[in-house]
$ cat input35.cif   # mmCIF, C-alpha atoms
data_data
#
loop_
_atom_site.group_PDB
_atom_site.id
_atom_site.type_symbol
_atom_site.label_atom_id
_atom_site.label_comp_id
_atom_site.auth_asym_id
_atom_site.auth_seq_id
_atom_site.Cartn_x
_atom_site.Cartn_y
_atom_site.Cartn_z
ATOM 1 C CA MET E 1 36.963 41.379 -9.123
ATOM 2 C CA ASP E 2 35.837 38.331 -10.988
ATOM 3 C CA PHE E 3 33.655 36.014 -8.953
ATOM 4 C CA GLU E 4 32.924 33.560 -11.739
ATOM 5 C CA SER E 5 34.792 30.313 -11.747
ATOM 6 C CA LYS E 6 37.178 29.891 -14.635
ATOM 7 C CA ALA E 7 37.789 26.212 -13.995
ATOM 8 C CA THR E 8 36.198 23.921 -16.496
ATOM 9 C CA ALA E 9 36.492 20.702 -14.546
ATOM 10 C CA PRO E 10 34.157 17.928 -15.644
ATOM 11 C CA ALA E 11 30.880 17.927 -13.776
ATOM 12 C CA ALA E 12 30.418 15.378 -11.044
ATOM 13 C CA THR E 13 26.992 14.559 -12.435
ATOM 14 C CA ASP E 14 28.255 12.663 -15.469
ATOM 15 C CA ASN E 15 26.235 9.577 -16.240
ATOM 16 C CA ILE E 16 27.719 6.634 -14.453
ATOM 17 C CA GLU E 17 26.392 3.270 -15.503
ATOM 18 C CA PHE E 18 26.063 0.687 -12.789
ATOM 19 C CA ALA E 19 26.323 -3.008 -13.431
ATOM 20 C CA GLN E 20 22.948 -4.650 -13.826
ATOM 21 C CA PRO E 21 22.292 -7.902 -11.997
ATOM 22 C CA ILE E 22 22.801 -10.889 -14.244
ATOM 23 C CA THR E 23 19.703 -12.721 -13.067
ATOM 24 C CA ALA E 24 16.635 -11.121 -11.607
ATOM 25 C CA ARG E 25 15.656 -13.024 -8.471
ATOM 26 C CA LYS E 26 12.055 -13.457 -7.487
ATOM 27 C CA PRO E 27 10.915 -11.995 -4.161
ATOM 28 C CA LEU E 28 10.015 -15.409 -2.767
ATOM 29 C CA GLU E 29 13.490 -16.713 -3.607
ATOM 30 C CA LEU E 30 14.986 -13.745 -1.774
ATOM 31 C CA LEU E 31 12.752 -14.511 1.209
ATOM 32 C CA ARG E 32 13.833 -18.161 1.199
ATOM 33 C CA ASP E 33 17.541 -17.357 0.968
ATOM 34 C CA THR E 34 17.460 -14.544 3.532
ATOM 35 C CA GLU E 35 15.479 -16.566 6.043
ATOM 36 C CA GLY E 36 17.795 -19.543 5.541
ATOM 37 C CA LEU E 37 20.899 -17.433 6.068
ATOM 38 C CA LEU E 38 19.457 -16.188 9.358
ATOM 39 C CA ARG E 39 17.993 -19.480 10.577
ATOM 40 C CA ARG E 40 20.781 -21.985 9.855
ATOM 41 C CA PRO E 41 23.506 -20.322 11.993
ATOM 42 C CA THR E 42 21.008 -19.815 14.798
ATOM 43 C CA VAL E 43 20.006 -23.483 14.748
ATOM 44 C CA ALA E 44 23.670 -24.550 14.571
ATOM 45 C CA THR E 45 24.410 -22.400 17.618
ATOM 46 C CA LEU E 46 21.434 -23.607 19.667
ATOM 47 C CA VAL E 47 21.587 -27.350 18.944
ATOM 48 C CA PRO E 48 24.685 -28.095 21.097
ATOM 49 C CA ILE E 49 23.359 -26.298 24.158
ATOM 50 C CA LEU E 50 19.781 -27.633 24.092
ATOM 51 C CA PRO E 51 18.646 -30.997 25.472
ATOM 52 C CA SER E 52 18.769 -33.753 22.854
ATOM 53 C CA LYS E 53 14.992 -34.098 22.475
ATOM 54 C CA LEU E 54 14.544 -30.361 21.990
ATOM 55 C CA SER E 55 17.503 -30.062 19.626
ATOM 56 C CA ASN E 56 16.081 -32.892 17.470
ATOM 57 C CA ARG E 57 12.765 -31.056 17.271
ATOM 58 C CA LEU E 58 14.532 -27.816 16.399
ATOM 59 C CA GLN E 59 16.448 -29.507 13.591
ATOM 60 C CA ALA E 60 13.238 -31.134 12.319
ATOM 61 C CA ALA E 61 11.498 -27.753 12.335
ATOM 62 C CA SER E 62 14.439 -26.235 10.463
ATOM 63 C CA THR E 63 14.281 -28.980 7.827
ATOM 64 C CA LEU E 64 10.528 -28.488 7.496
ATOM 65 C CA ALA E 65 11.088 -24.740 7.069
ATOM 66 C CA ASP E 66 13.640 -25.426 4.327
ATOM 67 C CA ASN E 67 11.206 -27.658 2.453
ATOM 68 C CA SER E 68 8.270 -25.280 2.872
ATOM 69 C CA LEU E 69 10.250 -22.248 1.728
ATOM 70 C CA LYS E 70 11.611 -24.180 -1.245
ATOM 71 C CA GLU E 71 8.041 -24.986 -2.330
ATOM 72 C CA LEU E 72 7.032 -21.381 -1.712
ATOM 73 C CA ALA E 73 9.916 -20.068 -3.837
ATOM 74 C CA GLU E 74 8.668 -22.118 -6.788
ATOM 75 C CA ILE E 75 5.417 -20.128 -6.892
ATOM 76 C CA ASP E 76 5.330 -17.524 -9.633
ATOM 77 C CA ILE E 77 3.607 -14.470 -8.186
ATOM 78 C CA GLU E 78 2.872 -13.098 -11.649
ATOM 79 C CA GLN E 79 0.659 -16.103 -12.414
ATOM 80 C CA ILE E 80 -1.671 -15.562 -9.447
ATOM 81 C CA ASN E 81 -4.839 -13.888 -10.629
ATOM 82 C CA ASP E 82 -7.307 -11.715 -8.755
ATOM 83 C CA TRP E 83 -9.852 -14.514 -8.402
ATOM 84 C CA GLU E 84 -7.395 -16.757 -6.552
ATOM 85 C CA LEU E 85 -6.703 -14.002 -3.987
ATOM 86 C CA ARG E 86 -10.378 -13.558 -3.121
ATOM 87 C CA PRO E 87 -10.498 -16.115 -0.260
ATOM 88 C CA ALA E 88 -7.435 -14.540 1.354
ATOM 89 C CA ARG E 89 -8.965 -11.068 1.182
ATOM 90 C CA ILE E 90 -12.213 -12.357 2.708
ATOM 91 C CA ARG E 91 -10.288 -14.004 5.551
ATOM 92 C CA VAL E 92 -8.367 -10.805 6.231
ATOM 93 C CA GLY E 93 -11.604 -8.826 6.364
ATOM 94 C CA LEU E 94 -13.167 -11.349 8.725
ATOM 95 C CA CYS E 95 -10.057 -11.264 10.918
ATOM 96 C CA PHE E 96 -10.255 -7.475 11.171
ATOM 97 C CA VAL E 97 -13.954 -7.584 12.077
ATOM 98 C CA GLY E 98 -13.493 -10.423 14.552
ATOM 99 C CA PHE E 99 -10.432 -8.923 16.212
ATOM 100 C CA GLY E 100 -12.116 -5.519 16.523
ATOM 101 C CA ALA E 101 -15.213 -7.073 18.094
ATOM 102 C CA LEU E 102 -13.166 -9.288 20.413
ATOM 103 C CA MET E 103 -11.068 -6.386 21.626
ATOM 104 C CA ILE E 104 -14.146 -4.260 22.282
ATOM 105 C CA LEU E 105 -15.482 -7.105 24.430
ATOM 106 C CA VAL E 106 -12.140 -7.380 26.247
ATOM 107 C CA LEU E 107 -12.159 -3.611 26.807
ATOM 108 C CA LEU E 108 -15.693 -3.780 28.218
ATOM 109 C CA LEU E 109 -14.731 -6.690 30.461
ATOM 110 C CA TYR E 110 -11.668 -4.761 31.658
ATOM 111 C CA LEU E 111 -13.715 -1.652 32.358
ATOM 112 C CA ASN E 112 -16.496 -3.513 34.187
ATOM 113 C CA THR E 113 -14.139 -5.554 36.354
ATOM 114 C CA LEU E 114 -11.265 -3.188 37.164
ATOM 115 C CA HIS E 115 -12.998 0.170 36.820
ATOM 116 C CA ALA E 116 -16.493 -0.612 38.062
ATOM 117 C CA GLN E 117 -16.599 2.665 39.981
ATOM 118 C CA LEU E 118 -16.746 4.624 36.708
ATOM 119 C CA ASN E 119 -20.055 5.119 34.952
ATOM 120 C CA ALA E 120 -20.383 4.707 31.174
ATOM 121 C CA VAL E 121 -19.592 8.369 30.380
ATOM 122 C CA GLU E 122 -16.458 8.360 32.546
ATOM 123 C CA GLN E 123 -15.315 5.064 31.015
ATOM 124 C CA ILE E 124 -15.625 6.540 27.528
ATOM 125 C CA GLN E 125 -13.819 9.709 28.647
ATOM 126 C CA HIS E 126 -10.842 7.732 29.937
ATOM 127 C CA PHE E 127 -10.662 4.957 27.334
ATOM 128 C CA TRP E 128 -11.995 6.507 24.137
ATOM 129 C CA HIS E 129 -8.688 6.020 22.246
ATOM 130 C CA GLN E 130 -8.852 2.253 22.634
ATOM 131 C CA TYR E 131 -12.549 2.148 21.824
ATOM 132 C CA ILE E 132 -12.102 4.174 18.630
ATOM 133 C CA TRP E 133 -9.108 2.038 17.602
ATOM 134 C CA PHE E 134 -11.056 -1.224 17.914
ATOM 135 C CA VAL E 135 -14.136 0.195 16.193
ATOM 136 C CA CYS E 136 -11.940 1.371 13.309
ATOM 137 C CA LEU E 137 -10.467 -2.115 12.946
ATOM 138 C CA GLY E 138 -13.959 -3.558 12.653
ATOM 139 C CA ILE E 139 -15.031 -0.910 10.161
ATOM 140 C CA THR E 140 -11.911 -1.571 8.077
ATOM 141 C CA GLY E 141 -12.803 -5.248 7.976
ATOM 142 C CA MET E 142 -16.336 -4.392 6.911
ATOM 143 C CA PHE E 143 -14.968 -2.227 4.098
ATOM 144 C CA ILE E 144 -12.758 -5.092 2.923
ATOM 145 C CA LEU E 145 -15.718 -7.487 2.959
ATOM 146 C CA GLY E 146 -17.966 -4.964 1.221
ATOM 147 C CA ARG E 147 -15.375 -4.426 -1.474
ATOM 148 C CA GLU E 148 -15.169 -8.167 -2.050
ATOM 149 C CA ALA E 149 -18.947 -8.435 -2.191
ATOM 150 C CA MET E 150 -19.123 -5.720 -4.868
ATOM 151 C CA ARG E 151 -16.215 -7.097 -6.906
ATOM 152 C CA PRO E 152 -17.510 -8.645 -10.144
ATOM 153 C CA THR E 153 -17.243 -12.398 -10.416
ATOM 154 C CA PRO E 154 -16.096 -14.047 -13.635
ATOM 155 C CA LYS E 155 -18.894 -15.518 -15.741
ATOM 156 C CA GLN E 156 -18.944 -19.281 -15.802
ATOM 157 C CA PRO E 157 -20.249 -20.984 -18.933
ATOM 158 C CA LYS E 158 -23.689 -22.492 -18.524
ATOM 159 C CA LEU E 159 -23.925 -26.244 -18.690
ATOM 160 C CA LYS E 160 -26.260 -27.740 -21.258
ATOM 161 C CA LYS E 161 -29.079 -29.791 -19.834
ATOM 162 C CA LYS E 162 -29.205 -33.367 -21.046
ATOM 163 C CA ASN E 163 -32.514 -35.056 -21.766
ATOM 164 C CA PHE E 164 -32.625 -38.527 -20.280
ATOM 165 C CA SER E 165 -36.058 -39.409 -21.687
#
$ encode --input "input35.cif" --output "structure tokens"
Amino acid sequence: MDFESKATAPAATDNIEFAQPITARKPLELLRDTEGLLRRPTVATLVPILPSKLSNRLQAASTLADNSLKELAEIDIEQINDWELRPARIRVGLCFVGFGALMILVLLLYLNTLHAQLNAVEQIQHFWHQYIWFVCLGITGMFILGREAMRPTPKQPKLKKKNFS
């Protein structure tokens, strides 16, 4: 008995070349086009059934979105350097810290108003998941801010002092 295959059919793993896209589209252009393809039919469907004042506002918002996304698509992401992203990273860190602190305060308010019968140990036993989650958000924000504080800043040339004597 011969269990080996005697067929010599071509292997299915031959190299198949796929067509490459003619033009490489930027991610922000893809965002603009995709959002527009979703928004325009929705606006066209809603405008006839909404009151005239609301439909005018919806169309104005759609036009504003078109203009904003067109401006956004013109931005070249490759040209944005690390220094220009610093304010955004600082804001994100501050948002994490602020949201974590705010939610801890909301949790404490919730516990003291709706679960006043529980003492502090029982409150922590029942709601430790939420507490840990909000503390971790705050700590993450602090790490982001600390990283930005330790990031080296580019050297700026010193200005020469002028004598006005």
$ residues_around --input "input35.cif" --residues "E:Ile77" --least-positions-apart "4" --cutoff "9 Å" --atoms "all atoms listed in the file" --output "PyMOL selection string"
chain E and resi 26-28+81
$ atom_distance --input "input35.cif" --atom1 "atom CA of E:Ile139" --atom2 "atom CA of E:Gly100"
8.4 Å
$ atom_distance --input "input35.cif" --atom1 "atom CA of E:Leu69" --atom2 "atom CA of E:Ile49"
26.3 Å
$ closest_residue --input "input35.cif" --among "E:Phe18, E:Phe127, E:Cys136, E:Gly146" --to "E:Leu108" --atoms "all atoms listed in the file"
E:Phe127
$ atom_distance --input "input35.cif" --atom1 "atom CA of E:Ile144" --atom2 "atom CA of E:Arg89"
7.3 Å
